[in-house]
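A.B. asks: Sending over target-v1.tsv (TSV, C-alpha atoms).
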chain	number	residue	atom	x	y	z
A	324	MET	CA	164.98	80.20	130.33
A	325	THR	CA	164.96	80.18	134.20
A	326	LYS	CA	166.04	79.14	132.61
A	327	PHE	CA	166.79	78.52	135.41
A	328	SER	CA	166.05	78.09	133.20
A	329	ASP	CA	167.96	80.53	134.12
A	330	ASN	CA	167.43	80.54	131.10
A	331	VAL	CA	165.78	79.86	133.04
A	332	SER	CA	165.02	77.24	132.89
A	333	ARG	CA	160.39	78.77	130.57
A	334	ARG	CA	154.01	74.35	131.21
A	335	SER	CA	150.47	74.00	133.10
A	336	PHE	CA	151.18	75.99	136.22
A	337	ILE	CA	152.00	72.87	138.22
A	338	THR	CA	155.32	74.46	138.98
A	339	LEU	CA	153.84	77.46	140.67
A	340	SER	CA	154.21	76.04	144.13
A	341	SER	CA	153.00	77.47	147.33
A	342	GLY	CA	156.46	78.98	147.59
A	343	LEU	CA	155.48	81.41	144.84
A	344	ALA	CA	152.69	82.98	146.79
A	345	ALA	CA	154.83	83.04	149.90
A	346	ALA	CA	157.88	84.45	148.17
A	347	LEU	CA	155.96	87.02	146.22
A	348	GLY	CA	153.14	87.65	148.57
A	349	LEU	CA	151.60	87.52	145.58
A	350	VAL	CA	154.91	87.82	142.82
A	351	ALA	CA	160.26	82.38	134.00
A	352	CYS	CA	156.40	81.83	129.34
A	353	GLY	CA	145.87	84.30	126.74
A	354	GLY	CA	146.02	87.75	126.64
A	355	PRO	CA	147.42	89.47	129.67
A	356	ALA	CA	145.02	89.32	132.59
A	357	ALA	CA	143.75	92.63	133.87
A	358	GLN	CA	145.54	93.73	137.00
A	359	ASP	CA	143.57	93.53	140.22
A	360	SER	CA	143.09	96.48	142.54
A	361	GLY	CA	146.41	95.70	144.19
A	362	ALA	CA	148.20	96.12	140.87
A	363	ASP	CA	146.29	99.33	140.18
A	364	ASP	CA	147.30	100.63	143.58
A	365	ALA	CA	150.90	99.64	142.91
A	366	ALA	CA	150.87	101.48	139.61
A	367	ALA	CA	149.34	104.50	141.28
A	368	ASP	CA	152.06	104.41	143.94
A	369	SER	CA	154.57	104.62	141.10
A	370	SER	CA	153.37	108.13	140.39
A	371	THR	CA	156.92	109.34	139.89
A	372	ASP	CA	157.84	108.52	136.30
A	373	ALA	CA	160.52	105.86	135.89
A	374	THR	CA	162.73	108.35	134.07
A	375	THR	CA	162.67	110.97	136.84
A	376	ALA	CA	166.12	111.74	138.18
A	377	ASP	CA	166.91	110.57	141.71
A	378	ALA	CA	169.79	109.96	144.06
A	379	ASP	CA	170.33	106.48	142.67
A	380	GLY	CA	171.05	107.85	139.22
A	381	ALA	CA	168.19	106.02	137.55
A	382	SER	CA	167.21	109.01	135.42
A	383	SER	CA	168.54	107.28	132.31
A	384	PHE	CA	166.29	104.25	132.71
A	385	ALA	CA	164.03	103.97	129.64
A	386	ALA	CA	164.45	107.73	129.20
A	387	ASP	CA	162.79	107.72	125.77
A	388	GLY	CA	159.61	106.12	127.12
A	389	THR	CA	160.39	102.70	125.67
A	390	LEU	CA	161.11	99.64	127.81
A	391	ARG	CA	163.53	97.47	125.81
A	392	VAL	CA	163.15	93.89	127.01
A	393	GLY	CA	165.93	91.43	126.29
A	394	MET	CA	164.88	87.83	125.53
A	395	GLU	CA	165.66	84.94	123.18
A	396	ALA	CA	162.16	84.92	121.66
A	397	ALA	CA	162.76	81.20	121.24
A	398	TYR	CA	161.92	79.64	124.60
A	399	ALA	CA	158.21	78.85	124.58
A	400	PRO	CA	156.08	79.18	126.56
A	401	TYR	CA	158.20	81.84	128.26
A	402	ASN	CA	158.88	83.71	125.02
A	403	TRP	CA	158.74	83.05	121.30
A	404	GLN	CA	158.61	84.86	117.95
A	405	GLU	CA	155.47	85.52	115.90
A	406	THR	CA	154.99	86.96	112.41
A	407	ALA	CA	151.67	88.69	113.14
A	408	GLU	CA	150.75	91.30	115.71
A	409	SER	CA	148.05	90.48	118.27
A	410	ASP	CA	146.82	91.74	121.63
A	411	THR	CA	149.33	89.42	123.36
A	412	THR	CA	152.45	90.44	121.39
A	413	ILE	CA	154.98	93.24	121.46
A	414	PRO	CA	157.24	94.25	118.54
A	415	ILE	CA	160.75	92.82	118.27
A	416	GLU	CA	162.81	95.94	117.76
A	417	ASN	CA	165.76	94.34	116.00
A	418	VAL	CA	163.85	91.87	113.76
A	419	SER	CA	161.82	93.54	111.03
A	420	GLY	CA	158.14	92.55	110.97
A	421	ALA	CA	158.48	90.22	113.96
A	422	PHE	CA	156.69	90.15	117.31
A	423	ALA	CA	157.27	88.42	120.64
A	424	ASP	CA	154.68	86.52	122.67
A	425	GLY	CA	154.76	84.31	125.74
A	426	TYR	CA	154.53	84.39	129.50
A	427	ASP	CA	157.55	86.68	129.83
A	428	VAL	CA	155.96	89.08	127.35
A	429	GLN	CA	152.74	89.34	129.37
A	430	ILE	CA	154.77	90.12	132.50
A	431	ALA	CA	156.77	92.70	130.54
A	432	LYS	CA	153.56	94.34	129.34
A	433	GLN	CA	152.19	94.67	132.86
A	434	VAL	CA	155.48	96.00	134.22
A	435	ALA	CA	155.77	98.52	131.37
A	436	GLU	CA	152.19	99.67	131.89
A	437	GLY	CA	152.83	100.19	135.59
A	438	LEU	CA	155.88	102.30	134.76
A	439	GLY	CA	154.15	104.29	132.05
A	440	LEU	CA	156.41	102.87	129.33
A	441	GLU	CA	155.93	101.18	125.95
A	442	PRO	CA	157.47	97.68	125.81
A	443	VAL	CA	159.45	96.30	122.88
A	444	ALA	CA	161.44	93.08	122.72
A	445	VAL	CA	165.08	92.86	121.71
A	446	LYS	CA	165.94	89.39	120.43
A	447	LEU	CA	169.35	88.19	121.65
A	448	GLU	CA	171.28	85.02	122.30
A	449	TRP	CA	170.97	83.80	125.88
A	450	ASP	CA	174.63	84.29	126.69
A	451	GLY	CA	174.55	87.86	125.37
A	452	LEU	CA	171.72	89.16	127.56
A	453	ILE	CA	173.76	90.39	130.51
A	454	GLU	CA	176.31	92.05	128.23
A	455	ALA	CA	173.47	93.80	126.36
A	456	LEU	CA	172.16	95.08	129.68
A	457	GLY	CA	175.59	96.40	130.56
A	458	ASN	CA	176.08	98.26	127.29
A	459	GLY	CA	172.62	99.82	127.32
A	460	GLN	CA	171.19	97.87	124.39
A	461	ILE	CA	168.33	96.74	126.64
A	462	ASP	CA	166.72	98.09	129.82
A	463	VAL	CA	165.69	94.79	131.41
A	464	ILE	CA	166.03	91.05	130.98
A	465	ILE	CA	162.70	89.25	131.14
A	466	ALA	CA	163.66	85.90	129.70
A	467	GLY	CA	163.23	83.10	132.20
A	468	MET	CA	166.42	84.14	134.01
A	469	THR	CA	167.07	83.25	137.63
A	470	ALA	CA	168.91	85.43	140.11
A	471	THR	CA	172.05	83.54	141.12
A	472	PRO	CA	174.92	84.78	143.31
A	473	GLU	CA	177.18	84.87	140.25
A	474	ARG	CA	174.76	86.96	138.22
A	475	GLU	CA	174.05	89.24	141.16
A	476	GLU	CA	177.69	90.28	141.05
A	477	SER	CA	176.98	91.91	137.68
A	478	ILE	CA	173.30	92.92	137.72
A	479	ASP	CA	170.36	93.38	140.08
A	480	PHE	CA	167.10	91.43	140.14
A	481	THR	CA	163.51	91.93	141.14
A	482	ASP	CA	161.48	89.51	143.22
A	483	PRO	CA	160.54	86.33	141.30
A	484	TYR	CA	157.63	86.37	138.90
A	485	TYR	CA	157.69	82.58	138.51
A	486	VAL	CA	158.88	79.70	140.70
A	487	GLY	CA	159.17	76.14	139.45
A	488	THR	CA	161.17	72.92	139.82
A	489	TYR	CA	163.36	70.61	137.72
A	490	GLY	CA	162.82	67.10	136.45
A	491	LEU	CA	164.40	64.69	133.99
A	492	MET	CA	163.13	63.77	130.55
A	493	VAL	CA	163.80	60.46	128.80
A	494	GLN	CA	162.67	58.60	125.71
A	495	LYS	CA	159.68	56.31	125.99
A	496	GLY	CA	160.86	52.78	126.57
A	497	SER	CA	164.05	53.94	128.25
A	498	GLU	CA	165.36	51.89	131.14
A	499	TYR	CA	165.01	55.07	133.19
A	500	GLU	CA	161.33	55.68	132.37
A	501	GLY	CA	160.19	54.18	135.68
A	502	ALA	CA	162.66	56.12	137.83
A	503	THR	CA	161.29	57.49	141.09
A	504	SER	CA	164.40	59.33	142.31
A	505	ILE	CA	167.14	61.31	140.60
A	506	GLN	CA	169.56	58.83	142.19
A	507	ASP	CA	168.09	56.13	139.92
A	508	PHE	CA	170.08	57.91	137.17
A	509	LYS	CA	173.44	56.88	138.64
A	510	GLY	CA	175.70	56.11	135.67
A	511	ALA	CA	173.28	57.69	133.18
A	512	ALA	CA	174.48	60.22	130.62
A	513	VAL	CA	172.56	63.41	131.47
A	514	LEU	CA	172.65	66.59	129.40
A	515	GLY	CA	171.91	70.17	130.51
A	516	GLN	CA	171.84	73.66	129.05
A	517	LYS	CA	175.00	75.73	129.17
A	518	ASP	CA	175.30	78.48	131.79
A	519	THR	CA	172.03	77.56	133.51
A	520	LEU	CA	170.85	75.57	136.51
A	521	LEU	CA	169.62	73.02	133.99
A	522	ASP	CA	173.27	72.07	133.81
A	523	SER	CA	174.57	72.64	137.32
A	524	VAL	CA	171.80	70.64	139.06
A	525	ILE	CA	172.97	67.49	137.31
A	526	ASP	CA	175.76	67.13	139.86
A	527	GLU	CA	173.15	66.36	142.52
A	528	ILE	CA	172.94	62.89	140.94
A	529	GLU	CA	175.54	60.59	142.49
A	530	GLY	CA	177.79	58.87	139.96
A	531	VAL	CA	176.14	60.58	136.99
A	532	ASN	CA	177.82	60.90	133.61
A	533	HIS	CA	177.52	64.69	133.38
A	534	LEU	CA	177.82	65.52	129.69
A	535	ASN	CA	179.15	68.81	128.33
A	536	PRO	CA	176.14	71.17	128.18
A	537	VAL	CA	174.60	72.48	124.96
A	538	PRO	CA	173.54	76.08	124.21
A	539	THR	CA	169.75	75.72	124.12
A	540	VAL	CA	166.83	73.59	125.30
A	541	PRO	CA	166.04	72.58	121.69
A	542	ASP	CA	169.63	71.31	121.50
A	543	GLN	CA	168.99	69.24	124.62
A	544	ILE	CA	165.87	67.75	123.05
A	545	SER	CA	167.62	67.03	119.75
A	546	ASN	CA	170.39	65.15	121.54
A	547	LEU	CA	167.90	63.12	123.55
A	548	LEU	CA	165.93	62.20	120.44
A	549	ALA	CA	169.16	61.22	118.69
A	550	GLY	CA	170.16	58.95	121.56
A	551	SER	CA	173.24	61.00	122.41
A	552	CYS	CA	172.23	61.02	126.08
A	553	ASP	CA	170.00	59.05	128.42
A	554	ALA	CA	168.19	62.03	129.91
A	555	ILE	CA	167.97	65.80	129.88
A	556	THR	CA	167.06	68.21	132.66
A	557	PHE	CA	163.95	70.33	132.18
A	558	ASP	CA	161.77	72.88	133.92
A	559	THR	CA	158.76	70.83	135.01
A	560	GLY	CA	156.49	73.69	134.05
A	561	ASN	CA	157.34	72.80	130.44
A	562	ILE	CA	156.24	69.18	130.66
A	563	ASP	CA	152.98	69.58	128.75
A	564	SER	CA	154.44	71.62	125.90
A	565	MET	CA	157.54	69.45	125.53
A	566	THR	CA	155.72	66.12	125.53
A	567	GLU	CA	152.96	67.39	123.25
A	568	ALA	CA	155.57	68.53	120.74
A	569	HIS	CA	157.58	65.31	121.20
A	570	PRO	CA	155.21	62.47	122.18
A	571	GLU	CA	158.11	60.03	122.11
A	572	LEU	CA	159.48	61.68	125.24
A	573	VAL	CA	158.47	61.23	128.88
A	574	GLY	CA	158.96	63.81	131.60
A	575	ILE	CA	159.64	62.57	135.12
A	576	ILE	CA	158.60	64.80	138.03
A	577	PHE	CA	159.92	63.50	141.33
A	578	GLU	CA	158.24	63.54	144.72
A	579	GLU	CA	159.54	65.95	147.32
A	580	GLY	CA	162.81	64.72	148.73
A	581	LYS	CA	163.56	62.52	145.73
A	582	GLY	CA	164.17	65.17	143.12
A	583	PHE	CA	166.52	68.10	142.65
A	584	SER	CA	166.89	70.46	145.58
A	585	GLU	CA	166.98	73.58	143.42
A	586	GLU	CA	163.81	75.53	142.74
A	587	VAL	CA	163.40	77.68	139.66
A	588	PRO	CA	162.73	81.28	140.65
A	589	VAL	CA	162.59	83.56	137.61
A	590	ASN	CA	163.39	87.25	138.03
A	591	ILE	CA	163.65	90.46	136.04
A	592	GLY	CA	167.26	91.60	135.59
A	593	LEU	CA	168.36	95.24	135.60
A	594	SER	CA	171.64	97.14	135.60
A	595	LYS	CA	172.98	97.94	139.05
A	596	GLY	CA	172.29	101.29	140.71
A	597	GLN	CA	168.56	101.47	139.92
A	598	ASP	CA	167.10	100.54	143.29
A	599	ASP	CA	164.10	102.83	142.81
A	600	VAL	CA	163.17	101.08	139.57
A	601	VAL	CA	163.57	97.65	141.18
A	602	GLU	CA	161.28	98.76	143.99
A	603	LYS	CA	158.62	100.01	141.58
A	604	MET	CA	158.78	96.78	139.58
A	605	ASN	CA	158.42	94.73	142.76
A	606	GLN	CA	155.29	96.72	143.60
A	607	ILE	CA	153.85	95.93	140.17
A	608	LEU	CA	154.74	92.24	140.41
A	609	ALA	CA	153.18	92.05	143.86
A	610	GLY	CA	149.92	93.20	142.33
A	611	ILE	CA	149.75	90.18	140.00
A	612	ASP	CA	148.24	87.49	142.20
A	613	GLU	CA	148.73	83.75	141.86
A	614	ALA	CA	145.41	83.18	140.11
A	615	GLN	CA	146.31	85.75	137.45
A	616	ARG	CA	149.71	84.16	136.99
A	617	GLN	CA	148.13	80.77	136.49
A	618	GLU	CA	145.72	82.22	133.96
A	619	ILE	CA	148.50	84.00	132.05
A	620	TRP	CA	150.68	80.88	132.08
A	621	ALA	CA	147.92	78.53	130.94
A	622	ALA	CA	147.02	80.89	128.11
A	623	ALA	CA	150.67	81.13	127.01
A	624	VAL	CA	150.95	77.33	127.01
A	625	GLU	CA	147.78	77.14	124.91
A	626	ARG	CA	149.04	79.72	122.37
A	627	GLN	CA	152.63	78.59	122.04
A	628	PRO	CA	153.78	77.33	118.64
A	629	GLU	CA	153.83	73.60	117.97
Show this structure as structure tokens.
C.D. replies:
Amino acid sequence: MTKFSDNVSRRSFITLSSGLAAALGLVACGGPAAQDSGADDAAADSSTDATTADADGASSFAADGTLRVGMEAAYAPYNWQETAESDTTIPIENVSGAFADGYDVQIAKQVAEGLGLEPVAVKLEWDGLIEALGNGQIDVIIAGMTATPEREESIDFTDPYYVGTYGLMVQKGSEYEGATSIQDFKGAAVLGQKDTLLDSVIDEIEGVNHLNPVPTVPDQISNLLAGSCDAITFDTGNIDSMTEAHPELVGIIFEEGKGFSEEVPVNIGLSKGQDDVVEKMNQILAGIDEAQRQEIWAAAVERQPE
């Protein structure tokens, strides 16, 4: 999830490369770190309430004071579902008695605070998020989603709040365990996640057996464990959580020039025509520096469910 996982595709912060600080100036899952003075200044600059009418027609954005955040709540450490409230959770509006936690949730909380709004999660299937944004069921997508040219035809995006890379995961003892380049997987059966870069990047491998993608990352893992494929693509930021949960798996992170060319920027998605809101969100994101992001990420990885 970005899932870009697009789905982005949600993890020690090894994936937060120097490109993050450069791209964000700055800007996919413990308790939210306190904003630094830059974030406070950004929030102060957003003195005009997010629901104030303007020339861009953004007066309807979160008009009731609630920021409805679309996510799967099933893509740890980006986002997941909890049964108990805590200082790191927000309520899931459409699931009674449930709460959402994760890296995405901490970003959502800081963005909502900067806009003077109250965040709630709306739990949805990955492939229904953009439609939900279009029909007004949610105000934003914060779910490990990456801004792609195709998606940008339908919705707008903020600057990234996460940047990572992709790798390949195999079973221990696999003939591919010692691979040093993605091209070592020529002829291998590789499985990705539907409608994400986790699927499309597979074609960078020459002569690969590109399998039909599955709906979710857990589906990828299940197929790999069952021996239905030789390898799956994964967001390298997830390597710790995935291998801790499945010690029989090995994640391969390739050296620069030997891995996938795609990076994994993760962005907030909004309906088109709300440029003022996008600008305000970018100001808030710019106030969350790299050290804070690392802290938030590491804490989310530590808290995520087994």
A.B. asks: With all atoms listed in the file as the atoms that count, which of A:Gly490, A:Pro538, A:Gly592, A:Gly530 lies nearest to Glu579 (chain A)?
C.D. replies: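 Ranked by minimum distance to Glu579 (chain A), first place goes to A:Gly490.
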A.B. asks: Mind checking which residues fall within 9 Å of Leu514 (chain A), counting only C-alpha atoms, ignoring those fewer than 2 positions away in the same chain, and posting them as an MDAnalysis selection string?
C.D. replies: chainID A and resid 512 516 521:522 525 532:537 543 546:547 551:556
A.B. asks: Hey, which of A:Thr389, A:Ser383, A:Val428, A:Trp403 ends up closest to Ile619 (chain A)? Count only C-alpha atoms.
C.D. replies: A:Val428
A.B. asks: Just checking: using only C-alpha atoms, which residue out of A:Gly393, A:Gly550, A:Pro628, A:Gly510 ends up closest to Asp450 (chain A)?
C.D. replies: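 Of A:Gly393, A:Gly550, A:Pro628, A:Gly510, the one nearest Asp450 (chain A) is A:Gly393, counting only C-alpha atoms.
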A.B. asks: Give me the residues within 8 Å of Ser504 (chain A) as a PyMOL selection string, counting all atoms listed in the file and dropping any in the same chain fewer than 5 places off.
C.D. replies: chain A and resi 577-578+581-582
A.B. asks: Calculate how many Å separate CA of Pro400 (chain A) from CA of Gln606 (chain A), rounding to one decimal.
C.D. replies: 24.5 Å
A.B. asks: Any idea what the distance is between CA of Glu613 (chain A) and CA of Val600 (chain A)?
C.D. replies: 22.7 Å
A.B. asks: I'd like a table as a Markdown table: residues in region 551-611 of chain A with an atom no more than 8 Å from region 473-487 of chain A, each row giving the shortest atom pair and its distance in Å to one decimal, all atoms listed in the file counted, sorted by chain and rising residue number.
C.D. replies:
| residue | atom | partner | partner_atom | distance |
| --- | --- | --- | --- | --- |
| A:Asp558 | CA | A:Gly487 | CA | 6.9 |
| A:Thr559 | CA | A:Gly487 | CA | 6.9 |
| A:Gly560 | CA | A:Gly487 | CA | 6.5 |
| A:Glu586 | CA | A:Gly487 | CA | 5.7 |
| A:Val587 | CA | A:Gly487 | CA | 4.5 |
| A:Pro588 | CA | A:Val486 | CA | 4.2 |
| A:Val589 | CA | A:Pro483 | CA | 5.0 |
| A:Asn590 | CA | A:Pro483 | CA | 4.4 |
| A:Ile591 | CA | A:Thr481 | CA | 5.3 |
| A:Gly592 | CA | A:Phe480 | CA | 4.6 |
| A:Leu593 | CA | A:Asp479 | CA | 5.2 |
| A:Ser594 | CA | A:Ile478 | CA | 5.0 |
| A:Lys595 | CA | A:Ile478 | CA | 5.2 |
| A:Val601 | CA | A:Thr481 | CA | 5.7 |
| A:Glu602 | CA | A:Thr481 | CA | 7.7 |
| A:Met604 | CA | A:Thr481 | CA | 7.0 |
| A:Asn605 | CA | A:Thr481 | CA | 6.0 |
| A:Leu608 | CA | A:Tyr484 | CA | 6.7 |
A.B. asks: Rank A:Gln597, A:Thr411, A:Asn561, A:Thr503 by their smallest atom-to-atom distance to Tyr489 (chain A), using all atoms listed in the file, and report the top residue only.
C.D. replies: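 Among the listed residues, the smallest separation from Tyr489 (chain A) belongs to A:Asn561.
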A.B. asks: How many Å separate CA of Ile611 (chain A) from CA of Thr539 (chain A)?
C.D. replies: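 Rounded to one decimal, the two atoms are 29.3 Å apart.
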A.B. asks: Quick one: residues within 9 Å of Ala396 (chain A), all atoms listed in the file counted, chain neighbours fewer than 5 positions away excluded, as a list in words?
C.D. replies: Tyr401, Asn402, Trp403, Gln404, Glu405, Ile415, Phe422, Ala423, Asp424, Gly425, Ala444, Val445, Lys446, Leu447 and Ala466 of chain A
A.B. asks: Identify which of the residues A:Ala421, A:Leu438, A:Val443, A:Pro414 lies closest to Val392 (chain A), counting all atoms listed in the file when measuring atom-to-atom distances.
C.D. replies: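 Looking at the shortest contact to Val392 (chain A), the residue is A:Val443.
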A.B. asks: Between A:Asp598, A:Asp387, A:Glu395, A:Asp507, which is the closest to Glu448 (chain A) once you count all atoms listed in the file?
C.D. replies: A:Glu395
